[in-house]
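Here is the file final.txt (compact mmCIF, C-alpha atoms and all ligand atoms).
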```txt
# COMPACT_ATOMS: atom_id res chain seq x y z
CA MET A 1 63.35 -34.26 -22.37
CA GLU A 2 61.80 -36.77 -20.02
CA VAL A 3 62.37 -36.09 -16.34
CA LEU A 4 61.03 -37.21 -13.02
CA LEU A 5 58.97 -34.98 -10.86
CA TRP A 6 57.94 -35.13 -7.27
CA ILE A 7 54.70 -33.43 -6.45
CA LEU A 8 54.18 -32.67 -2.81
CA ALA A 9 50.97 -30.79 -3.36
CA ALA A 10 49.05 -29.47 -0.40
CA LEU A 11 45.94 -31.27 -1.54
CA LEU A 12 47.39 -34.36 -3.13
CA PRO A 13 49.30 -37.39 -1.96
CA SER A 14 53.01 -37.51 -2.74
CA VAL A 15 53.63 -39.15 -6.06
CA CYS A 16 56.40 -39.65 -8.53
CA LEU A 17 55.65 -39.18 -12.17
CA GLY A 18 57.13 -38.56 -15.57
CA VAL A 19 56.36 -35.42 -17.48
CA THR A 20 57.77 -33.90 -20.59
CA PHE A 21 59.03 -30.37 -20.79
CA ASP A 22 56.60 -28.44 -22.86
CA GLU A 23 58.17 -25.61 -24.75
CA ASP A 24 55.42 -24.64 -27.11
CA PHE A 25 54.87 -21.37 -25.30
CA VAL A 26 58.39 -20.18 -26.11
CA ASP A 27 57.70 -20.74 -29.76
CA ALA A 28 58.27 -17.30 -31.20
CA THR A 29 56.57 -18.16 -34.46
CA THR A 30 53.09 -17.92 -32.96
CA VAL A 31 52.64 -14.23 -33.49
CA GLN A 32 49.77 -12.91 -31.49
CA GLU A 33 48.99 -9.26 -31.20
CA GLU A 34 50.06 -8.18 -27.76
CA ARG A 35 48.84 -5.31 -25.68
CA GLU A 36 49.77 -4.06 -22.26
CA CYS A 37 47.14 -2.69 -19.95
CA HIS A 38 47.16 -1.23 -16.48
CA GLY A 39 45.49 -3.01 -13.61
CA THR A 40 43.77 -1.60 -10.55
CA SER A 41 44.35 -1.42 -6.79
CA VAL A 42 40.91 -0.90 -5.31
CA GLY A 43 40.44 -4.33 -3.74
CA PHE A 44 36.78 -5.18 -3.34
CA GLY A 45 35.69 -1.59 -3.95
CA TYR A 46 34.11 -0.01 -7.03
CA SER A 47 32.43 3.26 -7.87
CA GLY A 48 29.31 4.03 -9.87
CA THR A 49 26.78 1.34 -10.68
CA LEU A 50 27.47 -2.37 -11.04
CA GLU A 51 26.77 -2.08 -14.74
CA LEU A 52 29.26 0.73 -15.22
CA HIS A 53 31.80 -1.21 -13.18
CA TYR A 54 31.43 -4.24 -15.47
CA GLN A 55 31.69 -2.11 -18.62
CA GLN A 56 34.85 -0.49 -17.31
CA LEU A 57 36.35 -3.87 -16.51
CA ARG A 58 35.64 -4.99 -20.06
CA LYS A 59 37.08 -1.88 -21.59
CA ARG A 60 40.22 -2.10 -19.49
CA TYR A 61 41.07 -5.71 -20.37
CA VAL A 62 39.71 -6.41 -23.82
CA GLY A 63 42.64 -7.63 -25.97
CA CYS A 64 45.08 -7.25 -23.09
CA THR A 65 47.97 -9.71 -22.84
CA TYR A 66 50.14 -8.13 -20.12
CA VAL A 67 48.54 -6.67 -17.03
CA HIS A 68 50.83 -4.15 -15.44
CA GLY A 69 49.58 -4.12 -11.86
CA ASN A 70 46.74 -6.14 -10.38
CA LEU A 71 43.90 -7.97 -12.05
CA GLU A 72 40.82 -7.37 -9.90
CA ILE A 73 37.68 -9.17 -11.07
CA THR A 74 35.13 -8.15 -8.48
CA ASN A 75 31.52 -7.09 -7.95
CA LEU A 76 30.00 -9.08 -10.79
CA ASP A 77 26.95 -9.23 -8.67
CA ASP A 78 23.94 -7.89 -10.58
CA SER A 79 21.40 -10.62 -11.31
CA VAL A 80 19.89 -8.58 -14.17
CA LEU A 81 23.11 -8.18 -16.16
CA THR A 82 24.51 -10.79 -18.53
CA TYR A 83 28.21 -11.12 -17.88
CA GLU A 84 30.44 -12.13 -20.81
CA LEU A 85 33.96 -12.62 -19.54
CA ASP A 86 35.65 -14.06 -22.62
CA PHE A 87 37.68 -10.86 -22.87
CA LEU A 88 39.83 -12.22 -20.02
CA ASP A 89 41.09 -15.00 -22.27
CA SER A 90 43.90 -12.97 -23.79
CA ILE A 91 45.70 -12.23 -20.50
CA LYS A 92 49.03 -14.07 -20.22
CA TYR A 93 50.89 -12.27 -17.46
CA VAL A 94 49.93 -10.27 -14.37
CA SER A 95 52.73 -8.38 -12.64
CA GLY A 96 50.82 -7.87 -9.39
CA TYR A 97 48.10 -9.99 -7.78
CA VAL A 98 44.86 -11.53 -9.02
CA LEU A 99 41.76 -10.89 -6.92
CA ILE A 100 38.48 -12.59 -7.76
CA GLY A 101 35.66 -11.78 -5.40
CA LEU A 102 32.12 -10.62 -4.67
CA SER A 103 31.15 -12.13 -7.98
CA THR A 104 28.05 -14.19 -7.36
CA GLN A 105 26.42 -13.86 -10.77
CA VAL A 106 29.06 -15.52 -12.93
CA GLU A 107 29.58 -19.25 -13.23
CA ARG A 108 32.88 -19.30 -15.08
CA ILE A 109 35.97 -17.12 -15.07
CA PRO A 110 38.03 -17.93 -18.16
CA LEU A 111 41.70 -17.07 -17.83
CA MET A 112 42.69 -19.58 -20.47
CA SER A 113 46.02 -17.95 -21.41
CA LEU A 114 47.27 -16.87 -17.99
CA GLU A 115 50.75 -18.32 -17.40
CA VAL A 116 52.37 -16.23 -14.69
CA ILE A 117 51.18 -14.25 -11.71
CA ARG A 118 54.32 -12.38 -10.71
CA GLY A 119 53.09 -11.16 -7.32
CA ASN A 120 55.31 -8.09 -7.47
CA HIS A 121 52.49 -6.42 -5.56
CA THR A 122 50.45 -8.54 -3.19
CA TYR A 123 47.06 -8.23 -1.53
CA ARG A 124 47.42 -8.05 2.23
CA ILE A 125 44.94 -9.75 4.52
CA GLN A 126 45.71 -10.01 8.21
CA GLY A 127 49.39 -9.46 7.68
CA GLU A 128 49.73 -12.13 5.00
CA GLU A 129 50.63 -11.34 1.41
CA TYR A 130 48.52 -12.97 -1.27
CA ALA A 131 49.06 -13.15 -5.00
CA LEU A 132 45.81 -15.00 -5.72
CA VAL A 133 42.61 -14.50 -3.74
CA VAL A 134 39.31 -16.12 -4.70
CA ALA A 135 36.60 -15.18 -2.23
CA LEU A 136 32.88 -14.62 -1.74
CA THR A 137 31.54 -16.02 -4.98
CA SER A 138 28.21 -17.33 -3.67
CA ARG A 139 25.81 -15.35 -1.61
CA ASP A 140 23.46 -17.79 0.06
CA THR A 141 24.09 -20.33 2.74
CA THR A 142 22.62 -23.01 0.45
CA PRO A 143 23.78 -21.55 -2.84
CA VAL A 144 22.47 -22.37 -6.26
CA MET A 145 24.18 -19.50 -8.01
CA GLY A 146 27.84 -18.57 -7.94
CA LEU A 147 31.26 -19.30 -9.36
CA ARG A 148 31.64 -22.92 -10.43
CA HIS A 149 34.58 -22.85 -12.82
CA LEU A 150 37.89 -21.04 -12.58
CA HIS A 151 39.82 -21.98 -15.69
CA MET A 152 43.54 -21.24 -15.68
CA PRO A 153 44.97 -24.38 -17.38
CA LYS A 154 48.21 -22.66 -18.39
CA LEU A 155 48.99 -21.13 -15.02
CA LYS A 156 52.51 -22.35 -14.30
CA GLU A 157 53.82 -19.96 -11.75
CA ILE A 158 52.91 -17.65 -8.93
CA SER A 159 56.37 -16.23 -8.32
CA ARG A 160 55.67 -14.57 -5.00
CA GLY A 161 52.80 -14.48 -2.49
CA LYS A 162 50.25 -16.94 -1.18
CA VAL A 163 46.96 -18.31 -2.47
CA MET A 164 43.65 -17.91 -0.63
CA PHE A 165 40.27 -19.50 -1.18
CA SER A 166 37.34 -18.42 0.96
CA GLN A 167 33.58 -18.87 0.56
CA ASN A 168 33.36 -20.42 -2.89
CA PRO A 169 31.08 -23.36 -2.08
CA LEU A 170 30.28 -24.20 -5.72
CA LEU A 171 33.78 -23.85 -7.16
CA SER A 172 34.91 -27.19 -8.57
CA HIS A 173 38.22 -28.81 -9.51
CA MET A 174 40.46 -26.79 -7.24
CA GLY A 175 41.58 -29.95 -5.47
CA THR A 176 42.67 -31.53 -8.75
CA VAL A 177 45.33 -28.86 -9.33
CA ALA A 178 48.87 -29.35 -8.00
CA TRP A 179 49.23 -25.93 -6.42
CA ASP A 180 52.71 -26.67 -5.08
CA ILE A 181 54.12 -26.72 -8.60
CA ILE A 182 52.58 -23.33 -9.29
CA THR A 183 53.76 -21.79 -6.01
CA ARG A 184 57.24 -23.31 -6.37
CA GLY A 185 56.78 -25.42 -3.25
CA ARG A 186 56.82 -22.47 -0.88
CA PRO A 187 55.68 -23.73 2.53
CA ASP A 188 52.21 -22.71 3.78
CA SER A 189 51.41 -21.07 0.49
CA MET A 190 47.75 -22.21 0.44
CA TYR A 191 45.15 -20.81 2.77
CA LEU A 192 41.71 -22.43 2.69
CA SER A 193 39.28 -20.63 5.01
CA ASP A 194 37.04 -23.59 5.85
CA GLU A 195 34.97 -26.35 4.22
CA LYS A 196 33.37 -23.73 1.97
CA ALA A 197 36.70 -22.51 0.59
CA PHE A 198 35.70 -24.42 -2.54
CA SER A 199 33.62 -27.47 -3.37
CA PHE A 200 35.46 -30.43 -1.93
CA LYS A 201 33.37 -32.93 -3.88
CA ASP A 202 35.19 -35.84 -5.45
CA GLU A 203 35.89 -34.46 -8.89
CA VAL A 204 37.45 -36.34 -11.74
CA CYS A 205 39.71 -35.16 -14.54
CA PRO A 206 39.40 -36.13 -18.20
CA VAL A 207 41.40 -39.21 -19.15
CA VAL A 208 43.90 -37.12 -21.16
CA CYS A 209 44.91 -35.29 -17.97
CA LYS A 210 46.38 -38.41 -16.44
CA VAL A 211 50.01 -37.87 -15.43
CA ASP A 212 50.51 -41.04 -13.43
CA GLU A 213 48.84 -44.34 -12.55
CA ASP A 214 46.67 -42.73 -9.90
CA LEU A 215 47.00 -39.04 -10.46
CA SER A 216 45.29 -36.67 -12.88
CA LEU A 217 45.66 -32.91 -12.80
CA CYS A 218 43.08 -30.55 -14.23
CA TRP A 219 41.02 -27.39 -13.79
CA GLY A 220 37.78 -28.88 -15.08
CA GLU A 221 36.09 -31.64 -17.00
CA GLU A 222 37.01 -30.72 -20.57
CA PRO A 223 40.14 -32.15 -22.19
CA ASN A 224 41.62 -28.68 -22.77
CA LEU A 225 41.68 -28.07 -19.02
CA CYS A 226 44.55 -30.35 -18.04
CA GLN A 227 47.04 -28.62 -15.76
CA ASP A 228 50.05 -27.66 -17.84
CA VAL A 229 52.92 -29.09 -15.79
CA VAL A 230 56.50 -28.03 -16.63
CA VAL A 231 58.60 -28.78 -13.59
CA GLY A 232 61.31 -31.41 -13.55
CA TYR A 233 62.57 -33.09 -10.41
CA CYS A 234 64.77 -30.52 -8.71
CA ASN A 235 67.24 -30.62 -5.87
CA GLU A 236 65.76 -28.84 -2.87
CA THR A 237 68.22 -25.97 -3.25
CA CYS A 238 66.58 -24.96 -6.55
CA GLY A 239 63.18 -23.68 -5.42
CA TRP A 240 61.38 -26.06 -7.82
CA ARG A 241 62.84 -24.56 -10.97
CA CYS A 242 65.72 -26.40 -12.61
CA TYR A 243 66.88 -28.02 -15.84
CA GLY A 244 68.25 -31.17 -14.23
CA PRO A 245 68.30 -33.03 -10.91
CA GLU A 246 71.68 -31.89 -9.55
CA ALA A 247 72.14 -29.14 -6.97
CA ASP A 248 73.89 -26.97 -9.56
CA ASN A 249 71.14 -27.40 -12.16
CA CYS A 250 68.97 -24.56 -10.81
CA CYS A 251 67.37 -21.97 -13.04
CA HIS A 252 68.57 -18.39 -12.87
CA PRO A 253 66.64 -16.37 -10.25
CA ASP A 254 65.21 -14.11 -12.97
CA CYS A 255 63.44 -17.08 -14.60
CA ALA A 256 59.81 -17.99 -14.11
CA VAL A 257 58.23 -21.36 -14.95
CA GLY A 258 61.46 -23.22 -15.80
CA CYS A 259 64.58 -23.13 -17.95
CA THR A 260 66.77 -25.10 -20.33
CA GLY A 261 70.08 -24.12 -18.70
CA PRO A 262 71.56 -22.00 -15.91
CA GLY A 263 71.76 -18.62 -17.64
CA PRO A 264 69.31 -15.73 -17.66
CA GLN A 265 69.00 -16.24 -21.43
CA GLU A 266 67.73 -19.81 -20.93
CA CYS A 267 64.50 -19.09 -19.04
CA LEU A 268 61.22 -20.41 -20.42
CA VAL A 269 59.54 -17.19 -19.25
CA CYS A 270 61.04 -14.10 -17.62
CA LYS A 271 59.88 -13.25 -14.12
CA ASP A 272 60.15 -9.54 -14.86
CA TYR A 273 61.64 -8.19 -18.08
CA MET A 274 63.68 -9.24 -21.07
CA LEU A 275 66.63 -7.21 -22.34
CA ASP A 276 68.67 -8.42 -25.33
CA GLU A 277 67.31 -11.99 -25.04
CA GLU A 278 68.15 -12.16 -21.34
CA CYS A 279 65.83 -12.02 -18.37
CA VAL A 280 66.52 -9.12 -16.03
CA GLY A 281 64.95 -8.01 -12.77
CA TYR A 282 64.54 -4.38 -13.82
CA CYS A 283 65.10 -2.22 -16.85
CA PRO A 284 68.45 -0.40 -16.64
CA ALA A 285 69.16 3.24 -17.50
CA LYS A 286 68.32 4.31 -21.07
CA THR A 287 65.62 1.66 -21.36
CA TYR A 288 61.98 1.58 -20.33
CA PRO A 289 59.67 -1.38 -19.69
CA LYS A 290 57.01 -2.27 -22.19
CA MET A 291 55.14 -5.57 -22.09
CA GLN A 292 57.85 -7.33 -20.08
CA THR A 293 60.57 -6.11 -22.41
CA CYS A 294 63.11 -3.37 -21.80
CA VAL A 295 62.97 -1.07 -24.81
CA ARG A 296 65.89 1.24 -25.58
CA PHE A 297 65.17 4.94 -25.90
C1 LIG B 1 70.83 -31.85 -3.24
O1 LIG B 1 72.14 -31.40 -3.42
C2 LIG B 1 72.95 -31.53 -2.27
C3 LIG B 1 74.33 -30.87 -2.59
O2 LIG B 1 74.87 -31.42 -3.76
C4 LIG B 1 73.11 -33.00 -1.91
O3 LIG B 1 73.89 -33.15 -0.73
C5 LIG B 1 71.71 -33.59 -1.68
O4 LIG B 1 71.80 -34.98 -1.45
C6 LIG B 1 70.83 -33.33 -2.89
N1 LIG B 1 69.47 -33.78 -2.58
C7 LIG B 1 68.86 -34.74 -3.29
C8 LIG B 1 67.50 -35.09 -2.81
O5 LIG B 1 69.35 -35.26 -4.26
C1 LIG B 2 58.05 -4.45 -9.37
O1 LIG B 2 57.96 -3.33 -8.51
C2 LIG B 2 59.06 -2.44 -8.57
C3 LIG B 2 58.88 -1.39 -7.50
O2 LIG B 2 57.58 -0.88 -7.46
C4 LIG B 2 59.14 -1.85 -9.98
O3 LIG B 2 60.24 -0.99 -10.08
C5 LIG B 2 59.27 -3.00 -10.98
O4 LIG B 2 59.28 -2.47 -12.30
C6 LIG B 2 58.12 -3.97 -10.82
N1 LIG B 2 58.30 -5.11 -11.70
C7 LIG B 2 57.31 -5.55 -12.48
C8 LIG B 2 57.59 -6.75 -13.31
O5 LIG B 2 56.22 -5.03 -12.51
```

Can the structure from this file be put into structure tokens for me?
Ligand SMILES: *[C@@H]1O[C@H](CO)[C@@H](O)[C@H](O)[C@H]1NC(C)=O
Ligand SMILES: *[C@@H]1O[C@H](CO)[C@@H](O)[C@H](O)[C@H]1NC(C)=O
Amino acid sequence: MEVLLWILAALLPSVCLGVTFDEDFVDATTVQEERECHGTSVGFGYSGTLELHYQQLRKRYVGCTYVHGNLEITNLDDSVLTYELDFLDSIKYVSGYVLIGLSTQVERIPLMSLEVIRGNHTYRIQGEEYALVVALTSRDTTPVMGLRHLHMPKLKEISRGKVMFSQNPLLSHMGTVAWDIITRGRPDSMYLSDEKAFSFKDEVCPVVCKVDEDLSLCWGEEPNLCQDVVVGYCNETCGWRCYGPEADNCCHPDCAVGCTGPGPQECLVCKDYMLDEECVGYCPAKTYPKMQTCVRF
């Protein structure tokens, strides 16, 4: 289905472009082993040594697809350790917030499968609620080491909460992402601390990431890092999630990402849980939640 889309991204000029709905991620035939894991709520804290902290992080998330709670990737800060973060690649859904910080010894954070940050719990800073915080990833004032690549090409929705970038002077390609699509156009949803929030260098996207004459959207230089865009042009009443342009073509409020029709059984992804092929906000009596599904006792 070909539809028109307006992007009014915080960091990009207003443009009009054609995109195709991409439904490959609802394809139930791609059976992948799924595992739920529990996140953490310690913010920038950790206990024990930096090495132990890293090992625990690894153990917690290896093979995990659904993070129940918050994904906190912090304190990767020991120059002697070799950090291998590929274990983050399996994560598809985080029910709380994502916090990346105090990680000066890693160059790339690969969250290649992450589609939805639900923001059911948020990280509070100065009274504001954040669902994604990326902060303090280079130590020096003229840094040579630090986070350069944050790869979340499939991230399609932050359902609730704001986005903050602070002190990531080397981090590239954050200005080539249309954040408004991800945050559903919520006003003031991006907070950039200052000119070191991320690298504001003129970065280019691969040719395949071109969505319009003068607009390309991507998370990095490789062709697999195009931003996965799934929003159609929506009437302003729809909160950027609809299946057609009319005011009554909005997605059901329990949908994330998008939908093919108005019902809770037509969501591309559920915001919270699925019960009998329908998205629901909570699991009713005689069911319990497991990996975003309500399972009957
Ligand atoms: C959105 O829908 C309302 C109600 O139908 C309509 O008055 C308005 O013109 C629509 N906006 C756009 C931009 O189409
Ligand atoms: C959101 O939080 C509420 C209250 O803590 C909880 O009952 C609900 O299961 C949570 N939803 C998800 C998707 O984690």

Could you list, as a ChimeraX atom specification, all protein and nucleic acid residues with an atom at most 10 Å from ligand LIG 1 (chain B), counting all atoms listed in the file? /A:233-238,245-249

Which one is closest to ligand LIG 2 (chain B): A:Glu278, A:Asp212, A:Glu51, A:Asp272? Count only C-alpha atoms and all ligand atoms.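 Smallest distance to ligand LIG 2 (chain B) is found for A:Asp272.
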
Just want the 7 Å neighbourhood of A:Ser189, counted on all atoms listed in the file, with same-chain residues fewer than 2 positions away dropped. Output as number ranges by chain. A: 162-163, 183, 186-187, 191

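Going from atom CA of A:Glu203 over to atom CA of A:Cys218, you cover 9.8 Å.
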
Spatial neighbours of A:Pro253, 10 Å, only C-alpha atoms, chain gap at least 3 places, as a PyMOL selection string: chain A and resi 238-239+241+250+256+262-264+267+270-271+279-281

Spatial neighbours of A:Ser172, max dist 7 Å, all atoms listed in the file, sep filter under 3 positions, as a list in words: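 The residues satisfying every condition are Arg148, His149, Phe198 and Ser199 of chain A.
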
Counting only C-alpha atoms and all ligand atoms, the residue of A:Ile117, A:Leu102, A:Leu50, A:Leu171 that sits nearest ligand LIG 2 (chain B):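 Checking each of A:Ile117, A:Leu102, A:Leu50, A:Leu171 against ligand LIG 2 (chain B), counting only C-alpha atoms and all ligand atoms, the winner is A:Ile117.
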
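Minimum atom-to-atom distance to ligand LIG 2 (chain B), evaluated using all atoms listed in the file, belongs to A:Val67 out of A:Val134, A:Val211, A:Val269, A:Val67.
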
Using only C-alpha atoms, can you tell me which of A:Ala197, A:Leu192, A:Cys205, A:Met152 comes closest to A:Leu170?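 With only C-alpha atoms as the atom set, the closest residue is A:Ala197.
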